[in-house]
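Peer 1: Before anything else, here's the structure in question.
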Amino acid sequence: MGAPTTPATTGTPPRPIPGVPPASRALTRPRRRLVAAAAALVALAAVGAGSLLDLRTPAPKSTDAPAGAFSAGRAYEDVQVIAARSHVAGSPANEQVRAHLEQQLRGLGLETEVQDTVAPEAGQLSGAAGGATVARVRNVVARLPGTDSTGRVFLVSHYDSVQTGPGGNDDAAGTSTILEVARALTTGPRPRNDIVFVLTDAEEACLCGAAAFAASHPLAADGGVVLNLEARGSTGPVIMFETSRNNAKLVDIFGRAAPHPVGTSFAVEIYRALPNDTDFTAFLDQKFVGLNSAYIDGGAIYHTPLDTPASMDRGSLQQHGDNALGLAREFGGTDLTDLRSGHDATYFPVPGGLVRYPGWLTLPLALLAVAVVAALGWLTRRSGRASTGRLAAGFALTLVPIVAAPVAAQLLWLAVTTIRPGYAELLDPYRPIWYRLAVLALATAILFTWYALTRRRIGPAALAVAGLAWLAVLGVLLAVAVPGGAYLTTVPALAGALGGLVALRARQTGPWPVVAVTAASAVGVVILLPTVVLLFPALGMAMGGVAALVAVLLGLVALPVVDLLHPQAGGQRGLLALRARRLAVLPAGAAAVAAVVLAGVGLGVDRFDAAHPAPTHLMYAMDAGTGQARWLSHESDPQPWTDGYVDGVTDVGGDFPGLGDGELRAGPAQSANLPAPKLEVVADATAGGERTLRLRLTPQREARLATLHVDTSTATVLRADVAGRSVPVEPRAGKWGFGLVFHAPPVEGIEVTLTVRPIAGQVALRAMDASDGLDALPGFRPRPPAVGVVGSHSSEMLAVARTYPI
């Protein structure tokens, strides 16, 4: 494994090295060893740089770009209009955005309409905590008819924002991209297939706009291909992170038609396992096929007031548009009658494109990697470079850095958040690069320390085989549990083992052993280094241990090259041996110092200030019947500003079931002169022991949501309709066992029909509405410049509730 070793020239006769022919020892003389190490490291650095450069976003095109090209400059003009201010579903600001979208699409000559309906939620979002969730939505839908359509291609993004920010990236990026793609498509020949542009409403609230379109719009009746465009940050490469099942044909088209194809089957597997949803979820529920893409770095601004047009990386916008336009043209000209291939593909980016192979190869490749590594171990033992005992000991000891590095990374972040607790409320720090580098330095320090301590006793060959063995074993485990992620360890293990076999069989004098192990390590760099870089923004620093684990796996792949940094194995005695051991720990010591320094620089550079405020969460809730009010916060360890409002902990589910169950920080607040939502009985009929109530719930303020709950100790809810739409009756724990949550309620109110079986004489109902903005409340003290708003759907919420006995 690696170049064979030979003793240094000393005054003492050297010990012979078993199994190493004299002709093969020339490369490992000290001077040549240093040259080989330098050459190998430069080669791997070049490969790593090429892999990372391939993840760069393209240069944004200006407004004078050719008519048929995507221009981030032109799209950005729409971003500025869409994200001029917060435009939550149902608000006047959202109506203005919708009018702009209609104007732009109609101006392109497209058939454009607004789907105005009431729809249930898709997925399991925050609204589900308060009960069955619906919303009034107004989707903007435009169609570019195809010349000989075999199906429909849907370009989808949402145009509403959260209440806490203008949505400059989430999702003005996707919405403006679709407008610019529509413009580009209308300037050239018409596509074969219909292209439908769907700009959905109420995504942030409940995915209700997408659910309404996918389930009930005539254009969606026959399904089709969906390209959903999202953003969960402000910068970074656009990643295709989710697909429909049996995606091999879709991935093949993505790999050849997207100009900048960044995506991994590992990301798809992880996202499928997480409780996350986008509009894409609603389309998958209706058996559509498609791809979901987003840029995700810069997550500190996500859903906050800082998510402005100015925060957007226009290179990310350009990549969004280049890929969307390329895919729209490709799918627009493809026979769409059969895009399901019967299996998922395994795929990952490499410089210049996307490697992909059938998912059914995953387990055979993993087993092949195990077999080739086993063959390498056998040949290593047979050549005398390691005994069976040392191979076994190496395998056992290699588990140390695999476990220690992620644990140390998590402990490092625990220490950082103890010093700076405000990080707990952020997806990522504002300037995360220093902390990311600190985690990588820490993983490097652990790997190098482990190697320096075990190399002399176990031997470099045994440790190299052990590292590959662990990757091969992990490949089999991933192939069974997470097939799309198995390539991460299977391919590097297979390449490393083949390189090791070549190095062991190379008998001639020359560089071939070093070339073989360096080439094998390069395969690991191409696969694992981009994964490390992409994992940090995907999971955030709170899960930096995952990136540390992958970094250690990369180090294990490169152990034969790492070994060139150490003095040659065998032959040292006395003072020379001591000096060799001291030199061996230098890289580990340097990496450990770097980890501490980088973490310290992160703390020094990434301070909270007016431009990068500490996130805080605050709500106001009042019972209009009793006049009691309180401040509420979900901060577990309140920031100093929040601490001025809240003290103890309370469970709000009993008084404000529309906020969901669970304990929140709470503190007394002054009662405000605010009306409760109005609840009127439109009709009341009893028959056969069942009572049917037709009710009208009308917010008395500009509310973004209204809720209605039934005290199930007074009646059992049998059926429920909201605005003529049946909703599921799923009892919840607690006093208010049935509830409805209605987003973007119209000013004229919501009609609710409840069929109940009475238990007591009167049915008790709890009505609540919620609006945004705390500034006008008595006792509210404005935030200082360095204190900001956390990106939460309940931040700045003002809720008023009242119980109505009927």
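FYI, nothing fancy with the structure tokens labels: chains A, B, ... in order, residues from 1 per chain, ligands from 1 as they appear.
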Residues of range 492-647 of chain A in helix (DSSP H, G or I) according to DSSP, as a ChimeraX atom specification?
Peer 2: /A:492-505,512-539,541-557,559-563,574-605,640-643
Peer 1: Hey, could you make a per-residue contact list for range 29-102 of chain A against range 108-119 of chain A with 10 Å as the cut-off, showing the nearest pair of atoms and its distance in Å to one decimal, counting only C-alpha atoms, sorted by chain and number, as a tab-separated table?
Peer 2:
residue	atom	partner	partner_atom	distance
A:Arg98	CA	A:Val114	CA	9.0
A:Ala99	CA	A:Val114	CA	9.9
A:Leu101	CA	A:Thr112	CA	9.7
A:Glu102	CA	A:Thr112	CA	6.9
Peer 1: What's the separation between CA of Asp428 in chain A and CA of Ala404 in chain A, in Å to one decimal place?
Peer 2: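 These atoms are spaced 23.0 Å apart.
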Peer 1: Fewer than 5 positions away in the same chain doesn't count, so skip those; otherwise give me all residues within 12 Å of Leu618 in chain A, counting only C-alpha atoms, as an MDAnalysis selection string.
Peer 2: chainID A and resid 164 630:635 638:639 641:646 664:667 669 772:775 780:783 787:799
Peer 1: Give me the range 389-483 of chain A side of the contact with range 520-539 of chain A, cut-off 12 Å, one line per residue showing its nearest atom pair and distance in Å at one decimal, counting only C-alpha atoms, sorted by chain and residue number, as CSV.
Peer 2:
residue,atom,partner,partner_atom,distance
A:Leu426,CA,A:Leu539,CA,11.6
A:Leu427,CA,A:Leu539,CA,8.1
A:Asp428,CA,A:Pro537,CA,7.3
A:Pro429,CA,A:Pro537,CA,10.1
A:Tyr430,CA,A:Pro537,CA,11.4
A:Arg431,CA,A:Pro537,CA,11.4
A:Pro432,CA,A:Pro537,CA,8.9
A:Ile433,CA,A:Phe536,CA,9.4
A:Trp434,CA,A:Phe536,CA,11.8
A:Tyr435,CA,A:Phe536,CA,9.9
A:Arg436,CA,A:Phe536,CA,7.1
A:Leu437,CA,A:Val533,CA,10.1
A:Val439,CA,A:Phe536,CA,10.0
A:Leu440,CA,A:Val532,CA,9.1
A:Ala443,CA,A:Val532,CA,11.8
A:Ala464,CA,A:Ser521,CA,11.3
A:Leu468,CA,A:Gly524,CA,10.9
A:Leu471,CA,A:Gly524,CA,10.7
Peer 1: For Ala386 in chain A, which of A:Ala172, A:Arg455, A:Val593, A:Val473 is the closest residue, counting only C-alpha atoms?
Peer 2: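 So, comparing all the options, the nearest one is A:Arg455.
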Peer 1: What are the DSSP strand (DSSP E) residues of range 322-570 of chain A, as a PyMOL selection string?
Peer 2: chain A and resi 345-350+353-358
Peer 1: With C-alpha atoms retained, write the just-selected residues as a PDB file, in the first residue's frame.
Peer 2:
ATOM      1  CA  ALA A 345     -30.568   6.009 -10.038  1.00  0.00           C
ATOM      2  CA  THR A 346     -27.421   6.477  -8.005  1.00  0.00           C
ATOM      3  CA  TYR A 347     -25.754   9.729  -9.013  1.00  0.00           C
ATOM      4  CA  PHE A 348     -23.282  12.365  -7.866  1.00  0.00           C
ATOM      5  CA  PRO A 349     -21.470  15.364  -9.396  1.00  0.00           C
ATOM      6  CA  VAL A 350     -17.959  15.235 -10.795  1.00  0.00           C
ATOM      7  CA  GLY A 353     -21.036  16.533 -15.270  1.00  0.00           C
ATOM      8  CA  LEU A 354     -23.031  14.007 -13.303  1.00  0.00           C
ATOM      9  CA  VAL A 355     -22.044  10.354 -12.819  1.00  0.00           C
ATOM     10  CA  ARG A 356     -25.072   8.083 -12.706  1.00  0.00           C
ATOM     11  CA  TYR A 357     -25.711   4.357 -12.713  1.00  0.00           C
ATOM     12  CA  PRO A 358     -28.739   2.141 -12.033  1.00  0.00           C
TER      13      PRO A 358
END
Peer 1: Distance CA of Ser387 in chain A-CA of Ala374 in chain A, one decimal place?
Peer 2: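 CA of Ala374 in chain A lies at a distance of 13.8 Å from CA of Ser387 in chain A.
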Peer 1: In terms of the shortest atom-to-atom distance over only C-alpha atoms, which of A:Leu399, A:Leu34, A:Ala624, A:Leu754 is closest to Ala683 in chain A?
Peer 2: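 Ranked by minimum distance to Ala683 in chain A, first place goes to A:Leu754.
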Peer 1: Looking at only C-alpha atoms, which of A:Thr200, A:Ser265, A:Ser91, A:Ser86 is the one that sits closest to Asp307 in chain A?
Peer 2: A:Ser86
Peer 1: Just want the 8 Å neighbourhood of Val727 in chain A, counted on only C-alpha atoms, with same-chain residues fewer than 3 positions away dropped. Output as a PDB file with C-alpha atoms, in the first residue's frame.
Peer 2:
ATOM      1  CA  PRO A 120     -56.476  21.670   2.613  1.00  0.00           C
ATOM      2  CA  ALA A 132     -57.196  20.344  10.404  1.00  0.00           C
ATOM      3  CA  ARG A 719     -68.371  15.726  10.703  1.00  0.00           C
ATOM      4  CA  ALA A 720     -66.947  19.103   9.714  1.00  0.00           C
ATOM      5  CA  ASP A 721     -67.063  21.280   6.600  1.00  0.00           C
ATOM      6  CA  VAL A 722     -65.163  24.509   5.985  1.00  0.00           C
TER       7      VAL A 722
END
Peer 1: Go ahead and compute the interatomic distance for CA of Val517 in chain A and CA of Val562 in chain A, in Å to one decimal.
Peer 2: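 Answer for the CA of Val517 in chain A to CA of Val562 in chain A separation: 10.5 Å.
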